[in-house]
Structure formats: structure tokens, C-alpha cells
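Notes for the one structure printed next.
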Amino acid sequence: MSLPRSLVVRLDSAGDVLLAGPALRAVAAGSSHTTLLCGPLGVPAARLLPGVDQVLVYDAPWVGLEPGRTSREECGLLVDALSAGRFDRGVVLVSYHQSPLPTALLLALAGVERVAADCEEYPGSLLSLRHHRLPGRHEAEAALDLVRAFGFSLPPGDDGRLGVLPPPDTTRLTGPEPYVVLHPGAAVAARRWSAARAARAAAALHGAGHRVVVTGSRAEKDLTAEVAGHHGLDLGGATGDLHELAGVLAGARVVVTGNTGPMHLACAVGTPVVCLFAPVVPAERWRPYRVPHVLLGDHAAACAGSRARECPLPGHPCLDSVSDAEVLAAVAGLLGHPPVNGHPARVPDRSENDRGASV
């Protein structure tokens, strides 16, 4: 029996595409060919995932921060491209609050006969597998659950962690000495520190004896310059692509970041993470996946679960209230030694949901 030609769909951000990596590897292990259909923001991550034979791009009007409109012509072009792929199976990956049915309809028009998705709505004939995810499941685990129910398993020796193609050596950017990465930016303002707060953290890390490398995109160069100040190496805009950023993150001892794509990229290269996690989305679903990590932030703040893009509270208290001492203790705990000021590192455990959690 020949293996199927498979299509995996994940239309969201680069971070969401990275979280789809383990499920995609499972599909690839049981397929003769695997195509990933993603949105424009997901393309850089898609090109880093093992198991992907082809990447198709569709700017879906039902996802993204500022979705555009669509047209009959645009949908027709996508349906034609999917038809040309002669896919036997399709897997539509969505977050817990999203519907897979618009995508499933396009796959039906393209002749993909067997399609699976997590779906709470009645799908009619659009899904051959209507799967229900377990409550509170991490996004990466939920995707794996779905593809397993559809008959795909991880290959022998694959432990199901996030992963990317081997990153390049970026010593020419970072220098050879050990360093901690501070990544202050995020696409959603509610999920990042204010610039001034991040700058104070960079100074505190420097004062505790850490060499600080500040990362960010070309669009974030003003932010990274302010945060690095005189205390860190500013690499804002210096990493040419996501693969090069992966190299910088892979070389770090610890990465300090918000709930962002680079946080998931740090997990994919196996680097411990201190995550400033704003409670606007549930940490149990998007926390750092299967690397040593510490969550910081007030997870009982009034904005919890709101999915707000801009902080609705004065002073951004859920993140900006995190103290330098907490950041230093979290970094020290992950490195396995106390901060230089002599206070013992205290890494919160999973039961502490107001200030942090660690694994």
C-alpha cells in the first residue's frame, strides 16, 4: 500500500507554525510527500521545519491581526494549486478558539477527500475526522493528538519536541563569550514589556555579570537600541532571517522574552527560556514547550483570558511589575547557580499561578 500525499495547514504566525512542527514530522513520517500551507507570516518558520517537502502560501481573510478581504479569483487560484497537489489527506491545524471549516471547505473544493481537524462546530461533510481536543491542551500537544487520531505517528527516536533544521554558527554576530539573550519585542503589544522596563532588565542582567545580547527585527531597531543602551550588544536587524536568529538563540545560555515567535524558536533549538507571559492568553496552551523554563508575570491580572492586543490596564502591571530580582533569580535558577548578589535562586513551581511556573 503506497503512502499518502499529505497536506498540513497552519495559517497563523511563525510561532504557531513552529508549534506545528512535531505534528508535521509525524505526518511526514507516514507520507510520500508533505506540503505545508501557511500564511505569509508563517513562511520563514515553515522553511525551517524538518519534513516539509513544499510550502504553499495563502493569506487567509479569517486569521491575522489585520486580515484583508478575499476574492473569487484568489480562492480559485488556491483551489487550483491544491488540486494540482493531488493530496490524499489534509490536516487543518487551528488554535482552540478558531474554526477549521473555512479551510476545510477550500480543501473540499480542491478534491481532498479525507480531512481532519479539531472542531466544535457541526462540520457536515467537510471533515472525515472531527476531533475534539482535550481541555487545556498545549497547542503542540493538541496538534500531535489530532494527527495520531488520523493515523500518523512520530518516527522512532523522535521525542516530539519542537525542532528546526540545524541553525548556522552566528559567532561572528555574538562573539565567542557566553551570553544571555533579551528579546524585548512582540507583534502584540500586550505581550511585551515596555521599552523602559526592558532596558532596566538589561542593565540588571549586565550588573549581575551576564553578557547581554538584545535581538529584534529591522522594524524593532529603535527598540533594541534603547533596551541595549550601554549594557548590551544590540543585534536589532542584524540577523538576516529566522534561521540566523535561531543560531543566535541556540548559542545563548538563556533567552529572556515574551510570548512570541522567538520564544518558540528558542524552544526549538533547546535553549532554556525565561518567559514574560502576559495572561491575555492561557499559559497552559502557549507556554515554552519542553525546555527548562520559568514563567514570570501576574497571571491573575484583570486582563487574564481577554486576548487583548493592547494592555487594557494602566501601567501594564502584569509584566512591568515583574522585578529585576525575579528576572535574575529565574535566569540563575535555569543556569544552576545563585545570582552574584548572593541571594539564592528561587524557581517557582507549577502550582504558583500568580507569579510563575517552571519545568
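We name chains A, B, ... following the order of the C-alpha cells; residues begin at 1 in each chain, and ligands are numbered from 1 as shown.
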Contact residues around Asp241 of chain A with only C-alpha atoms at 10 Å, ignoring same-chain residues under 5 positions, as a PyMOL selection string: chain A and resi 44-45+217+246
Output of the above residues as a PDB file, in the first residue's frame, restricted to N, CA and C atoms:
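Wrote it out as out_14.pdb, contents follow:
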```pdb
ATOM      1  N   PRO A  44       8.708  32.052   6.965  1.00  0.00           N
ATOM      2  CA  PRO A  44      10.090  31.851   7.450  1.00  0.00           C
ATOM      3  C   PRO A  44      10.222  30.650   8.370  1.00  0.00           C
ATOM      4  N   ALA A  45       9.225  30.419   9.228  1.00  0.00           N
ATOM      5  CA  ALA A  45       9.269  29.254  10.117  1.00  0.00           C
ATOM      6  C   ALA A  45       9.039  27.970   9.334  1.00  0.00           C
ATOM      7  N   SER A 217      13.878  42.485  15.152  1.00  0.00           N
ATOM      8  CA  SER A 217      13.824  42.624  13.699  1.00  0.00           C
ATOM      9  C   SER A 217      14.310  44.003  13.262  1.00  0.00           C
ATOM     10  N   ALA A 246      17.764  31.865  14.858  1.00  0.00           N
ATOM     11  CA  ALA A 246      17.830  30.566  15.539  1.00  0.00           C
ATOM     12  C   ALA A 246      19.250  30.275  15.994  1.00  0.00           C
TER      13      ALA A 246
END
```
Show which residues sit within 10 Å of Pro292 of chain A, as a ChimeraX atom specification. Count only C-alpha atoms, and ignore same-chain residues fewer than 6 positions away. /A:254,267,270-274,333-335,358-359
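Distances here use only C-alpha atoms; by that measure, the residue among A:Ser95, A:Leu165, A:Leu233, A:His183 closest to His132 of chain A is A:Ser95.
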One number please: atom CA of Arg137 of chain A to atom CA of Arg191 of chain A, in Å, one decimal. 20.6 Å
Residue nearest Arg114 of chain A among A:Leu48, A:Ala29, A:Leu173, A:Leu7 (counting only C-alpha atoms):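 Ranking A:Leu48, A:Ala29, A:Leu173, A:Leu7 by distance to Arg114 of chain A, first place goes to A:Leu7.
Within segment 194-330 of chain A, DSSP run on the backbone puts these residues in strand (DSSP E or B): Val212, Val213, Val214, Thr215, Gly216, Gly232, Leu233, Asp234, Leu235, Gly236, Val255, Val256, Thr257, Gly258, Val273, Val274, Cys275, Leu276, His293, Val294, Leu295 and Leu296 of chain A.
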Can I get the selected residues back with C-alpha atoms, as a PDB file, in the first residue's frame?
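File produced: again.pdb:
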```
ATOM      1  CA  VAL A 212      23.500  40.622  27.294  1.00  0.00           C
ATOM      2  CA  VAL A 213      22.639  40.267  23.600  1.00  0.00           C
ATOM      3  CA  VAL A 214      19.478  42.107  22.533  1.00  0.00           C
ATOM      4  CA  THR A 215      17.672  40.745  19.475  1.00  0.00           C
ATOM      5  CA  GLY A 216      14.909  42.082  17.290  1.00  0.00           C
ATOM      6  CA  GLY A 232      24.094  45.011  25.926  1.00  0.00           C
ATOM      7  CA  LEU A 233      25.076  44.096  22.396  1.00  0.00           C
ATOM      8  CA  ASP A 234      22.396  45.411  20.040  1.00  0.00           C
ATOM      9  CA  LEU A 235      21.605  42.904  17.284  1.00  0.00           C
ATOM     10  CA  GLY A 236      18.377  44.596  16.207  1.00  0.00           C
ATOM     11  CA  VAL A 255      16.663  33.555  26.481  1.00  0.00           C
ATOM     12  CA  VAL A 256      14.530  36.195  28.226  1.00  0.00           C
ATOM     13  CA  THR A 257      11.481  37.027  26.109  1.00  0.00           C
ATOM     14  CA  GLY A 258       7.736  37.486  25.979  1.00  0.00           C
ATOM     15  CA  VAL A 273      13.629  30.331  28.488  1.00  0.00           C
ATOM     16  CA  VAL A 274      12.565  32.965  30.991  1.00  0.00           C
ATOM     17  CA  CYS A 275       9.197  33.993  29.583  1.00  0.00           C
ATOM     18  CA  LEU A 276       7.401  37.224  30.476  1.00  0.00           C
ATOM     19  CA  HIS A 293      11.698  27.468  31.627  1.00  0.00           C
ATOM     20  CA  VAL A 294      10.267  29.936  34.105  1.00  0.00           C
ATOM     21  CA  LEU A 295       7.098  31.952  33.572  1.00  0.00           C
ATOM     22  CA  LEU A 296       7.040  35.451  35.054  1.00  0.00           C
TER      23      LEU A 296
END
```
Which residues, written as JSON, numbers by chain, have at least one atom at most 9 Å from Val227 of chain A, with only C-alpha atoms counted and residues fewer than 2 positions away on the same chain left out? {"A": [182, 184, 195, 196, 197, 198, 199, 200, 201, 202, 203, 214, 222, 223, 224, 225, 229, 230, 231, 232, 234]}
